[in-house]
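> This is the content of my_file_14.cif (mmCIF, C-alpha atoms and all ligand atoms):
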data_data
loop_
_atom_site.group_PDB
_atom_site.id
_atom_site.type_symbol
_atom_site.label_atom_id
_atom_site.label_comp_id
_atom_site.auth_asym_id
_atom_site.auth_seq_id
_atom_site.Cartn_x
_atom_site.Cartn_y
_atom_site.Cartn_z
ATOM 1 C CA MET F 259 1.437 28.941 34.497
ATOM 2 C CA MET F 260 0.937 26.434 31.709
ATOM 3 C CA ALA F 261 -2.109 24.268 31.622
ATOM 4 C CA TYR F 262 -0.412 20.944 30.969
ATOM 5 C CA ARG F 263 2.936 19.225 30.505
ATOM 6 C CA ILE F 264 4.387 18.467 27.090
ATOM 7 C CA ILE F 265 6.912 16.022 25.701
ATOM 8 C CA ASP F 266 8.365 16.488 22.234
ATOM 9 C CA THR F 267 9.232 12.912 21.279
ATOM 10 C CA HIS F 268 11.110 13.948 18.133
ATOM 11 C CA THR F 269 13.090 17.131 17.677
ATOM 12 C CA HIS F 270 16.442 18.160 16.243
ATOM 13 C CA SER F 271 16.933 21.237 18.417
ATOM 14 C CA TYR F 272 20.697 21.053 17.859
ATOM 15 C CA PHE F 273 20.172 22.190 14.237
ATOM 16 C CA PRO F 274 21.615 25.673 13.596
ATOM 17 C CA ALA F 275 18.144 27.174 12.997
ATOM 18 C CA ILE F 276 17.289 26.576 16.666
ATOM 19 C CA ALA F 277 20.753 26.539 18.223
ATOM 20 C CA ALA F 278 21.424 30.076 16.959
ATOM 21 C CA ASP F 279 18.527 31.413 19.033
ATOM 22 C CA GLN F 280 18.473 28.684 21.657
ATOM 23 C CA GLU F 281 17.980 30.780 24.762
ATOM 24 C CA SER F 282 14.846 32.547 23.591
ATOM 25 C CA ILE F 283 13.402 29.466 21.847
ATOM 26 C CA PHE F 284 13.915 27.285 24.915
ATOM 27 C CA ALA F 285 12.302 30.005 27.041
ATOM 28 C CA ASP F 286 9.252 29.770 24.740
ATOM 29 C CA CYS F 287 9.300 25.982 25.188
ATOM 30 C CA ASP F 288 9.350 26.407 28.989
ATOM 31 C CA ARG F 289 6.415 28.810 28.832
ATOM 32 C CA ALA F 290 4.457 26.341 26.686
ATOM 33 C CA GLY F 291 4.992 23.587 29.264
ATOM 34 C CA VAL F 292 7.596 21.477 27.440
ATOM 35 C CA GLU F 293 9.255 19.294 30.072
ATOM 36 C CA TYR F 294 11.048 16.821 27.832
ATOM 37 C CA GLN F 295 12.657 17.168 24.420
ATOM 38 C CA ILE F 296 13.963 14.027 22.766
ATOM 39 C CA GLN F 297 16.843 15.064 20.489
ATOM 40 C CA ILE F 298 16.962 12.643 17.576
ATOM 41 C CA GLY F 299 20.254 11.693 15.911
ATOM 42 C CA CYS F 300 20.533 11.224 12.135
ATOM 43 C CA ASP F 301 24.165 10.193 11.685
ATOM 44 C CA GLU F 302 27.418 10.067 13.676
ATOM 45 C CA ILE F 303 27.866 13.817 14.120
ATOM 46 C CA SER F 304 24.226 14.708 14.712
ATOM 47 C CA SER F 305 23.854 11.873 17.223
ATOM 48 C CA LEU F 306 26.760 13.377 19.163
ATOM 49 C CA ALA F 307 25.214 16.840 18.845
ATOM 50 C CA ALA F 308 21.935 15.420 20.188
ATOM 51 C CA LEU F 309 23.787 13.880 23.134
ATOM 52 C CA ASP F 310 25.778 17.039 23.757
ATOM 53 C CA LEU F 311 22.550 19.039 23.969
ATOM 54 C CA ALA F 312 21.052 16.433 26.304
ATOM 55 C CA LYS F 313 24.047 16.855 28.606
ATOM 56 C CA LYS F 314 23.731 20.641 28.688
ATOM 57 C CA HIS F 315 19.972 21.078 28.661
ATOM 58 C CA LYS F 316 18.277 19.130 31.408
ATOM 59 C CA PRO F 317 14.854 18.552 29.786
ATOM 60 C CA SER F 318 16.554 16.897 26.808
ATOM 61 C CA ARG F 319 17.376 13.268 26.168
ATOM 62 C CA ALA F 320 19.018 11.867 23.033
ATOM 63 C CA THR F 321 18.814 9.042 20.539
ATOM 64 C CA LEU F 322 21.592 7.651 18.354
ATOM 65 C CA GLY F 323 20.736 6.799 14.787
ATOM 66 C CA LEU F 324 21.374 6.866 11.072
ATOM 67 C CA HIS F 325 18.612 8.480 9.026
ATOM 68 C CA PRO F 326 17.543 6.453 5.960
ATOM 69 C CA CYS F 327 18.504 9.409 3.725
ATOM 70 C CA ASP F 328 22.020 9.365 5.201
ATOM 71 C CA VAL F 329 22.876 5.686 4.734
ATOM 72 C CA LYS F 330 25.224 6.472 1.847
ATOM 73 C CA ASN F 331 27.045 9.202 3.752
ATOM 74 C CA VAL F 332 28.657 7.272 6.600
ATOM 75 C CA GLY F 333 32.132 8.716 7.181
ATOM 76 C CA VAL F 334 31.460 11.760 4.996
ATOM 77 C CA LYS F 335 31.610 15.141 6.680
ATOM 78 C CA ASN F 336 29.612 17.766 4.838
ATOM 79 C CA PRO F 337 30.645 21.283 5.930
ATOM 80 C CA GLU F 338 27.387 22.741 4.589
ATOM 81 C CA TYR F 339 25.247 20.402 6.640
ATOM 82 C CA HIS F 340 27.260 19.402 9.702
ATOM 83 C CA ARG F 341 27.197 22.731 11.502
ATOM 84 C CA TYR F 342 25.857 21.630 14.855
ATOM 85 C CA ALA F 343 26.603 23.405 18.103
ATOM 86 C CA GLY F 344 28.801 21.492 20.505
ATOM 87 C CA VAL F 345 30.535 19.311 17.902
ATOM 88 C CA GLU F 346 32.472 21.887 15.898
ATOM 89 C CA GLY F 347 35.779 20.450 14.779
ATOM 90 C CA TYR F 348 34.674 16.882 15.499
ATOM 91 C CA GLN F 349 36.480 14.328 13.363
ATOM 92 C CA MET F 350 34.274 11.470 12.203
ATOM 93 C CA ARG F 351 35.383 8.086 13.452
ATOM 94 C CA ALA F 352 33.179 5.610 11.590
ATOM 95 C CA LYS F 353 33.846 4.788 7.964
ATOM 96 C CA ASN F 354 31.311 1.989 7.549
ATOM 97 C CA PHE F 355 28.265 0.422 9.220
ATOM 98 C CA ASP F 356 30.332 -1.925 11.421
ATOM 99 C CA GLN F 357 32.304 0.982 12.856
ATOM 100 C CA LEU F 358 29.282 3.267 13.186
ATOM 101 C CA PHE F 359 27.093 0.812 15.067
ATOM 102 C CA ASP F 360 30.004 -0.246 17.291
ATOM 103 C CA LEU F 361 30.507 3.429 18.044
ATOM 104 C CA PHE F 362 26.802 3.863 18.870
ATOM 105 C CA ALA F 363 27.056 0.922 21.276
ATOM 106 C CA GLU F 364 30.135 2.456 22.893
ATOM 107 C CA ILE F 365 28.483 5.893 23.203
ATOM 108 C CA PHE F 366 25.364 4.291 24.634
ATOM 109 C CA GLU F 367 27.306 2.415 27.277
ATOM 110 C CA ARG F 368 28.968 5.603 28.446
ATOM 111 C CA ASN F 369 25.714 7.603 28.424
ATOM 112 C CA SER F 370 22.931 5.125 29.089
ATOM 113 C CA GLU F 371 21.079 7.592 31.369
ATOM 114 C CA LEU F 372 20.677 10.108 28.563
ATOM 115 C CA VAL F 373 20.331 7.874 25.495
ATOM 116 C CA VAL F 374 16.688 6.824 25.444
ATOM 117 C CA GLY F 375 16.337 5.207 22.026
ATOM 118 C CA PHE F 376 17.843 4.290 18.658
ATOM 119 C CA GLY F 377 16.993 5.916 15.332
ATOM 120 C CA GLU F 378 15.753 7.573 13.385
ATOM 121 C CA THR F 379 15.989 4.687 10.991
ATOM 122 C CA GLY F 380 13.658 3.199 8.429
ATOM 123 C CA PHE F 381 12.852 3.640 4.779
ATOM 124 C CA ASP F 382 12.727 6.749 2.598
ATOM 125 C CA LEU F 383 12.428 6.313 -1.144
ATOM 126 C CA TYR F 384 11.258 9.879 -1.757
ATOM 127 C CA HIS F 385 14.592 11.426 -2.692
ATOM 128 C CA GLU F 386 16.108 8.305 -4.187
ATOM 129 C CA ASP F 387 14.367 5.061 -5.105
ATOM 130 C CA SER F 388 17.038 2.531 -6.067
ATOM 131 C CA PRO F 389 17.842 -1.078 -5.119
ATOM 132 C CA GLU F 390 21.164 0.197 -3.795
ATOM 133 C CA ILE F 391 19.707 2.633 -1.266
ATOM 134 C CA PHE F 392 16.998 0.195 -0.257
ATOM 135 C CA ALA F 393 19.621 -2.465 0.524
ATOM 136 C CA LEU F 394 21.550 0.003 2.705
ATOM 137 C CA GLN F 395 18.383 1.168 4.476
ATOM 138 C CA SER F 396 17.424 -2.455 5.176
ATOM 139 C CA GLU F 397 20.843 -3.226 6.633
ATOM 140 C CA SER F 398 20.823 -0.058 8.749
ATOM 141 C CA PHE F 399 17.315 -0.852 10.025
ATOM 142 C CA ILE F 400 18.475 -4.289 11.198
ATOM 143 C CA ARG F 401 21.503 -2.791 12.970
ATOM 144 C CA HIS F 402 19.235 -0.400 14.870
ATOM 145 C CA ILE F 403 16.982 -3.275 15.897
ATOM 146 C CA ASP F 404 20.022 -5.133 17.233
ATOM 147 C CA LEU F 405 20.898 -2.131 19.419
ATOM 148 C CA CYS F 406 17.298 -1.850 20.666
ATOM 149 C CA GLN F 407 17.304 -5.514 21.639
ATOM 150 C CA CYS F 408 20.732 -5.407 23.197
ATOM 151 C CA TYR F 409 20.038 -2.305 25.294
ATOM 152 C CA ASP F 410 16.253 -2.450 25.729
ATOM 153 C CA ARG F 411 15.483 0.885 24.123
ATOM 154 C CA PRO F 412 12.715 1.879 21.676
ATOM 155 C CA LEU F 413 13.163 2.171 17.905
ATOM 156 C CA ILE F 414 12.434 5.492 16.167
ATOM 157 C CA VAL F 415 11.101 4.755 12.688
ATOM 158 C CA HIS F 416 10.970 7.096 9.721
ATOM 159 C CA THR F 417 8.964 6.049 6.645
ATOM 160 C CA ARG F 418 8.377 8.117 3.534
ATOM 161 C CA ASN F 419 7.258 6.823 0.134
ATOM 162 C CA ALA F 420 8.053 3.386 1.488
ATOM 163 C CA ARG F 421 4.854 1.993 2.947
ATOM 164 C CA TYR F 422 5.319 -1.505 1.517
ATOM 165 C CA GLN F 423 9.023 -1.633 2.397
ATOM 166 C CA THR F 424 8.346 -0.568 5.979
ATOM 167 C CA LEU F 425 5.511 -3.042 6.424
ATOM 168 C CA SER F 426 7.558 -5.937 5.063
ATOM 169 C CA ALA F 427 10.599 -4.991 7.161
ATOM 170 C CA PHE F 428 8.378 -5.039 10.261
ATOM 171 C CA GLU F 429 7.003 -8.416 9.236
ATOM 172 C CA LYS F 430 10.499 -9.821 8.715
ATOM 173 C CA GLU F 431 12.549 -8.114 11.401
ATOM 174 C CA ILE F 432 10.207 -7.092 14.212
ATOM 175 C CA ARG F 433 7.370 -9.587 14.394
ATOM 176 C CA GLY F 434 7.879 -11.937 17.314
ATOM 177 C CA LYS F 435 10.657 -9.846 18.817
ATOM 178 C CA ASN F 436 10.234 -7.750 21.903
ATOM 179 C CA ILE F 437 10.782 -4.395 20.173
ATOM 180 C CA ARG F 438 8.874 -1.246 21.060
ATOM 181 C CA GLY F 439 8.979 2.091 19.343
ATOM 182 C CA VAL F 440 7.318 4.850 17.389
ATOM 183 C CA ILE F 441 6.384 5.608 13.800
ATOM 184 C CA HIS F 442 7.635 9.162 13.744
ATOM 185 C CA CYS F 443 5.880 11.892 11.708
ATOM 186 C CA PHE F 444 2.922 9.622 11.099
ATOM 187 C CA SER F 445 1.531 10.394 7.646
ATOM 188 C CA GLU F 446 0.006 7.116 6.535
ATOM 189 C CA ASP F 447 -3.607 5.920 6.720
ATOM 190 C CA LEU F 448 -5.820 4.075 9.203
ATOM 191 C CA GLU F 449 -4.903 0.612 7.937
ATOM 192 C CA PHE F 450 -1.199 1.307 8.448
ATOM 193 C CA ALA F 451 -1.952 2.793 11.880
ATOM 194 C CA GLN F 452 -3.895 -0.302 12.887
ATOM 195 C CA ILE F 453 -1.110 -2.657 11.860
ATOM 196 C CA MET F 454 1.532 -0.641 13.698
ATOM 197 C CA THR F 455 -0.456 -0.170 16.907
ATOM 198 C CA GLN F 456 -2.348 -3.439 17.158
ATOM 199 C CA GLU F 457 0.132 -5.906 15.700
ATOM 200 C CA TYR F 458 3.372 -4.335 16.881
ATOM 201 C CA GLY F 459 2.301 -2.114 19.779
ATOM 202 C CA PHE F 460 4.117 0.857 18.241
ATOM 203 C CA PHE F 461 3.194 4.453 19.008
ATOM 204 C CA LEU F 462 2.361 6.978 16.299
ATOM 205 C CA GLY F 463 4.217 10.306 16.453
ATOM 206 C CA ILE F 464 1.788 13.095 15.570
ATOM 207 C CA GLY F 465 3.159 16.477 14.536
ATOM 208 C CA GLY F 466 2.679 19.497 12.293
ATOM 209 C CA VAL F 467 1.625 17.472 9.264
ATOM 210 C CA LEU F 468 -1.731 16.808 10.951
ATOM 211 C CA THR F 469 -2.504 20.546 10.838
ATOM 212 C CA TYR F 470 -1.992 20.857 7.074
ATOM 213 C CA ASN F 471 -4.621 20.791 4.330
ATOM 214 C CA ARG F 472 -5.576 17.569 2.560
ATOM 215 C CA THR F 473 -4.671 15.302 5.466
ATOM 216 C CA GLU F 474 -8.063 13.600 5.818
ATOM 217 C CA LYS F 475 -6.450 10.144 5.875
ATOM 218 C CA ILE F 476 -4.146 11.058 8.748
ATOM 219 C CA ARG F 477 -7.056 12.634 10.640
ATOM 220 C CA GLU F 478 -9.135 9.495 10.121
ATOM 221 C CA ALA F 479 -6.252 7.429 11.523
ATOM 222 C CA VAL F 480 -5.935 9.749 14.541
ATOM 223 C CA LEU F 481 -9.688 9.614 15.144
ATOM 224 C CA ASN F 482 -9.807 5.826 15.064
ATOM 225 C CA THR F 483 -6.552 4.959 16.839
ATOM 226 C CA PRO F 484 -6.874 4.594 20.628
ATOM 227 C CA ILE F 485 -5.271 7.666 22.185
ATOM 228 C CA GLU F 486 -2.966 5.406 24.245
ATOM 229 C CA TYR F 487 -0.920 4.933 21.047
ATOM 230 C CA LEU F 488 -0.431 8.593 20.139
ATOM 231 C CA VAL F 489 2.543 10.763 21.107
ATOM 232 C CA THR F 490 3.335 14.371 20.242
ATOM 233 C CA GLU F 491 6.330 15.492 18.247
ATOM 234 C CA THR F 492 7.549 18.385 16.101
ATOM 235 C CA ASP F 493 10.493 17.180 13.972
ATOM 236 C CA SER F 494 11.853 20.680 14.658
ATOM 237 C CA PRO F 495 13.133 22.792 13.048
ATOM 238 C CA PHE F 496 10.934 21.403 10.249
ATOM 239 C CA LEU F 497 7.150 21.100 9.806
ATOM 240 C CA VAL F 498 5.872 24.302 11.422
ATOM 241 C CA PRO F 499 2.174 23.752 12.289
ATOM 242 C CA ARG F 500 -0.336 25.623 10.117
ATOM 243 C CA LYS F 501 -1.504 28.349 12.515
ATOM 244 C CA ALA F 502 2.046 29.257 13.520
ATOM 245 C CA LYS F 503 3.021 29.264 9.845
ATOM 246 C CA ASN F 504 0.135 31.574 9.024
ATOM 247 C CA LYS F 505 1.444 33.955 11.672
ATOM 248 C CA GLY F 506 4.792 34.001 9.890
ATOM 249 C CA ALA F 507 6.767 31.379 11.854
ATOM 250 C CA ARG F 508 9.433 29.744 9.725
ATOM 251 C CA ILE F 509 11.273 27.677 12.334
ATOM 252 C CA ASN F 510 9.525 24.950 14.258
ATOM 253 C CA HIS F 511 10.341 24.193 17.907
ATOM 254 C CA PRO F 512 8.899 22.071 20.719
ATOM 255 C CA GLY F 513 6.987 25.047 22.138
ATOM 256 C CA ARG F 514 4.622 24.855 19.160
ATOM 257 C CA ILE F 515 3.159 21.519 20.286
ATOM 258 C CA PRO F 516 0.024 23.025 21.913
ATOM 259 C CA GLU F 517 -1.376 23.603 18.398
ATOM 260 C CA ILE F 518 -0.970 19.859 17.727
ATOM 261 C CA ILE F 519 -2.526 18.853 21.036
ATOM 262 C CA GLU F 520 -5.502 21.148 20.466
ATOM 263 C CA LEU F 521 -6.138 19.584 17.073
ATOM 264 C CA ILE F 522 -5.816 16.003 18.374
ATOM 265 C CA ALA F 523 -8.287 16.891 21.148
ATOM 266 C CA GLU F 524 -10.673 18.438 18.611
ATOM 267 C CA ILE F 525 -10.512 15.378 16.314
ATOM 268 C CA LYS F 526 -11.089 13.056 19.245
ATOM 269 C CA GLY F 527 -13.803 15.229 20.813
ATOM 270 C CA MET F 528 -11.888 15.487 24.083
ATOM 271 C CA LYS F 529 -11.102 18.353 26.432
ATOM 272 C CA THR F 530 -7.628 19.661 25.593
ATOM 273 C CA VAL F 531 -6.177 19.269 29.081
ATOM 274 C CA ALA F 532 -7.429 15.691 29.457
ATOM 275 C CA CYS F 533 -6.033 14.830 26.027
ATOM 276 C CA ALA F 534 -2.702 16.511 26.825
ATOM 277 C CA GLU F 535 -2.304 14.588 30.063
ATOM 278 C CA ILE F 536 -2.696 11.235 28.251
ATOM 279 C CA LEU F 537 -0.284 12.264 25.473
ATOM 280 C CA TRP F 538 2.258 13.247 28.150
ATOM 281 C CA GLU F 539 1.946 9.892 29.895
ATOM 282 C CA ASN F 540 2.279 8.077 26.552
ATOM 283 C CA GLY F 541 5.537 9.873 25.805
ATOM 284 C CA LEU F 542 6.930 8.930 29.221
ATOM 285 C CA ARG F 543 5.932 5.309 28.608
ATOM 286 C CA LEU F 544 7.544 5.212 25.158
ATOM 287 C CA PHE F 545 10.912 6.349 26.521
ATOM 288 C CA SER F 546 10.609 4.898 30.053
ATOM 289 C CA LEU F 547 10.933 8.375 31.561
ATOM 290 C CA GLY F 548 9.830 9.476 35.000
ATOM 291 C CA ASN F 549 7.797 12.569 35.753
ATOM 292 C CA ALA F 550 10.148 15.489 35.238
ATOM 293 C CA ASP F 551 9.433 17.165 38.588
HETATM 294 ZN ZN ZN Q 1 13.549 13.680 12.347
#
Let me see the file written as structure tokens.

Amino acid sequence: MMAYRIIDTHTHSYFPAIAADQESIFADCDRAGVEYQIQIGCDEISSLAALDLAKKHKPSRATLGLHPCDVKNVGVKNPEYHRYAGVEGYQMRAKNFDQLFDLFAEIFERNSELVVGFGETGFDLYHEDSPEIFALQSESFIRHIDLCQCYDRPLIVHTRNARYQTLSAFEKEIRGKNIRGVIHCFSEDLEFAQIMTQEYGFFLGIGGVLTYNRTEKIREAVLNTPIEYLVTETDSPFLVPRKAKNKGARINHPGRIPEIIELIAEIKGMKTVACAEILWENGLRLFSLGNAD
């Protein structure tokens, strides 16, 4: 019997690393107390894979989105990369942003019970820092916001090496609008956390990165951000938390969240179960979910 309930607000469990061993990994997740997994889409095919998993696996919900690193690849099927269970043989339909975001709207309208958000979107200038990619990321970000407004769903934001760009996009595109959401894989500092939580009411997604070395700034942000704004996530199959990694784990999954919750509780000086219960409620609030049971 697990001690508390868990929501993974950001996972890609449809990735081959997890899908190949899904039964045993999902059994581990059940044992850990994971009651919801939010499968995050990164492009046309992965969004459909996320939705397909949400249809088959009851604790899952899905989001539809275009990852900032994929903005140049709309309409391009990459056989190396697009190997997701449930969408083998799928022919891409969208060749440009107009077609892709129309398609997301259409998919949403047919699956509004299971699609709980839009993204991940945002800014990532880590792999490529050019005016061209920034322009595409900005346009994609705005399209996601339009969907969130149209369908009253939260925005899932990714930001890497793009602090200034993300802050100015929020200032320009989100301030004054009724948009809620989450800064996924939070790895910025306290000042950034304060702007996102206090000025925009966004949640911060806390995952494996918090457990790594040299993350004092993130820990300071977690310590000083009211717990009502924190949610748990993994970004599975990536970002295995430190203790699991030290035991040899190479694939992350939602069942590894207890290590994150224990560390958040330790930083905040709370009892783990009390902390976990608040983090669970926060996740339900972010995605407007009911209690799973
Ligand atoms: Zn992700």
> When you count only C-alpha atoms, which of these residues is closest to F:Arg289: F:Ile522, F:Ile485, F:Met350, F:Ile264?
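Using only C-alpha atoms, F:Arg289 sits closest to F:Ile264.
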> Return as a PyMOL selection string every polymer residue, whether protein, DNA or RNA, with at least one atom no more than 10 Å from an atom of ligand ZN 1 (chain Q); count only C-alpha atoms and all ligand atoms.
chain F and resi 267-270+297-300+325+377-379+414-416+442-443+491-496
> Only C-alpha atoms, please: the residues just picked out, written as a JSON list (two decimals), in the frame of the given file.

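After the write, again21.json holds the following:
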[["chain", "number", "residue", "atom", "x", "y", "z"],
["F", 267, "THR", "CA", 9.23, 12.91, 21.28],
["F", 268, "HIS", "CA", 11.11, 13.95, 18.13],
["F", 269, "THR", "CA", 13.09, 17.13, 17.68],
["F", 270, "HIS", "CA", 16.44, 18.16, 16.24],
["F", 297, "GLN", "CA", 16.84, 15.06, 20.49],
["F", 298, "ILE", "CA", 16.96, 12.64, 17.58],
["F", 299, "GLY", "CA", 20.25, 11.69, 15.91],
["F", 300, "CYS", "CA", 20.53, 11.22, 12.14],
["F", 325, "HIS", "CA", 18.61, 8.48, 9.03],
["F", 377, "GLY", "CA", 16.99, 5.92, 15.33],
["F", 378, "GLU", "CA", 15.75, 7.57, 13.38],
["F", 379, "THR", "CA", 15.99, 4.69, 10.99],
["F", 414, "ILE", "CA", 12.43, 5.49, 16.17],
["F", 415, "VAL", "CA", 11.10, 4.76, 12.69],
["F", 416, "HIS", "CA", 10.97, 7.10, 9.72],
["F", 442, "HIS", "CA", 7.64, 9.16, 13.74],
["F", 443, "CYS", "CA", 5.88, 11.89, 11.71],
["F", 491, "GLU", "CA", 6.33, 15.49, 18.25],
["F", 492, "THR", "CA", 7.55, 18.39, 16.10],
["F", 493, "ASP", "CA", 10.49, 17.18, 13.97],
["F", 494, "SER", "CA", 11.85, 20.68, 14.66],
["F", 495, "PRO", "CA", 13.13, 22.79, 13.05],
["F", 496, "PHE", "CA", 10.93, 21.40, 10.25]]
> Which residues of stretch 385-404 of chain F come within 8 Å of stretch 355-365 of chain F, and what is each one's closest atom pair and distance in Å (one decimal), counting only C-alpha atoms, sorted by chain and residue number, as a Markdown table?

| residue | atom | partner | partner_atom | distance |
| --- | --- | --- | --- | --- |
| F:Ser398 | CA | F:Phe355 | CA | 7.5 |
| F:Arg401 | CA | F:Phe359 | CA | 7.0 |
| F:His402 | CA | F:Phe359 | CA | 8.0 |
> Please identify all polymer residues within 7 Å of F:Asp266, counting only C-alpha atoms, omitting same-chain residues fewer than 5 positions from it, and present them as a ChimeraX atom specification.
/F:294-296,490-492,512
> For stretch 473-475 of chain F, work out the shell of residues within 7 Å, counting all atoms listed in the file and skipping chain neighbours fewer than 4 positions away, then give it as a PyMOL selection string.
chain F and resi 447-448+468+479
> Name the residues that the PyMOL selection byres (((chain F and resi 417) around 9) and not hetatm) pulls out of this structure, and write them as a ChimeraX atom specification.
/F:326,379-383,415-416,418-421,423-424,441-445
> With the PyMOL selection byres (((chain F and resi 546) around 12) and not hetatm) as the selection, what would be picked from this file? Answer as a list in words, please.
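Taken over the shown coordinates, the PyMOL selection byres (((chain F and resi 546) around 12) and not hetatm) returns Thr267, Arg319, Glu371, Leu372, Val373, Val374, Gly375, Asp410, Arg411, Pro412, Arg438, Gly439, Trp538, Glu539, Asn540, Gly541, Leu542, Arg543, Leu544, Phe545, Leu547, Gly548, Asn549 and Ala550 of chain F.
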> Given the file above and the PyMOL selection byres (((chain F and resi 498) around 7) and not hetatm), which residues are selected, and can you give them as a list in words?
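Listing what the PyMOL selection byres (((chain F and resi 498) around 7) and not hetatm) selects in the shown file: Gly466, Phe496, Leu497, Pro499, Arg500, Ala502, Lys503, Arg508, Ile509 and Asn510 of chain F.
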> Quick one: pull the distance between atom CA of F:Ser282 and atom CA of F:Ile536, Å, one decimal.
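Going from atom CA of F:Ser282 over to atom CA of F:Ile536, I get 28.0 Å.
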> Could you tell me which of F:Leu488, F:His511, F:Glu302, F:Ile391 comes closest to F:Tyr348 if we count only C-alpha atoms?
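Distance minimum relative to F:Tyr348 lands on F:Glu302.
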> Given only C-alpha atoms as the basis, pick out the residue of F:Cys406, F:Ala343, F:Val329, F:Ala352 nearest to F:Glu386.
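When distances to F:Glu386 are compared using only C-alpha atoms, the smallest one comes from F:Val329.
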> I'd like the interatomic distance between atom CA of F:Lys330 and atom CA of F:Asp301, to a tenth of an Å.
10.6 Å
> Take every atom of stretch 469-486 of chain F listed in the file, fit an axis-aligned box around them, add 5 Å per side, and give the centre and edge lengths in Å to one decimal as AutoDock Vina command-line options.

--center_x -5.9 --center_y 12.7 --center_z 13.4 --size_x 17.8 --size_y 26.3 --size_z 31.7
> Go through F:Leu537, F:Asn436, F:Tyr409, F:Tyr272 one by one, measure the shortest atom-to-atom distance of each to F:Ala312 using all atoms listed in the file, and give the residue with the smallest value.
F:Tyr272
> Got a sec: who's within 9 Å of F:Ala427, counting all atoms listed in the file, leaving out chain neighbours fewer than 4 positions off, as a list in words?
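These residues fall inside the cut-off: Gly380, Ser396, Phe399, Ile400, Tyr422, Gln423, Glu431 and Ile432 of chain F.
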> For C-alpha atoms, I'd like the residues from the last selection saved as a compact mmCIF listing (two decimals), keeping the file's coordinate frame.

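Final output, saved to out.txt:
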# COMPACT_ATOMS: atom_id res chain seq x y z
CA GLY F 380 13.66 3.20 8.43
CA SER F 396 17.42 -2.46 5.18
CA PHE F 399 17.32 -0.85 10.02
CA ILE F 400 18.48 -4.29 11.20
CA TYR F 422 5.32 -1.50 1.52
CA GLN F 423 9.02 -1.63 2.40
CA GLU F 431 12.55 -8.11 11.40
CA ILE F 432 10.21 -7.09 14.21
> If I take atom CA of F:Ile519 and atom CA of F:Asp288, how far is one from the other in Å, to one decimal?
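If I compute the distance from atom CA of F:Ile519 to atom CA of F:Asp288, I get 16.2 Å.
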> Of the candidates F:Gly333, F:Gly347, F:Gly291, F:Pro274, which shows the shortest atom-to-atom distance to F:Pro516, using all atoms listed in the file?
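Looking only at the distances to F:Pro516, the closest residue turns out to be F:Gly291.
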> With all atoms listed in the file as the counted atoms, please give the residues lying no more than 9 Å from F:Arg433, apart from itself and same-chain residues fewer than 5 positions off, as an MDAnalysis selection string.
chainID F and resid 428 457:458
> F:Gly513: which residues within 6 Å, counting all atoms listed in the file, same-chain residues fewer than 3 positions away excluded, as a CSV table (one decimal) with C-alpha atoms, in the frame of the given file?

chain,number,residue,atom,x,y,z
F,286,ASP,CA,9.3,29.8,24.7
F,287,CYS,CA,9.3,26.0,25.2
F,290,ALA,CA,4.5,26.3,26.7
> For F:Ala285, which of F:Val440, F:Ala532, F:His315, F:Asn336 is the closest residue, counting all atoms listed in the file?
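Nearest to F:Ala285: F:His315.
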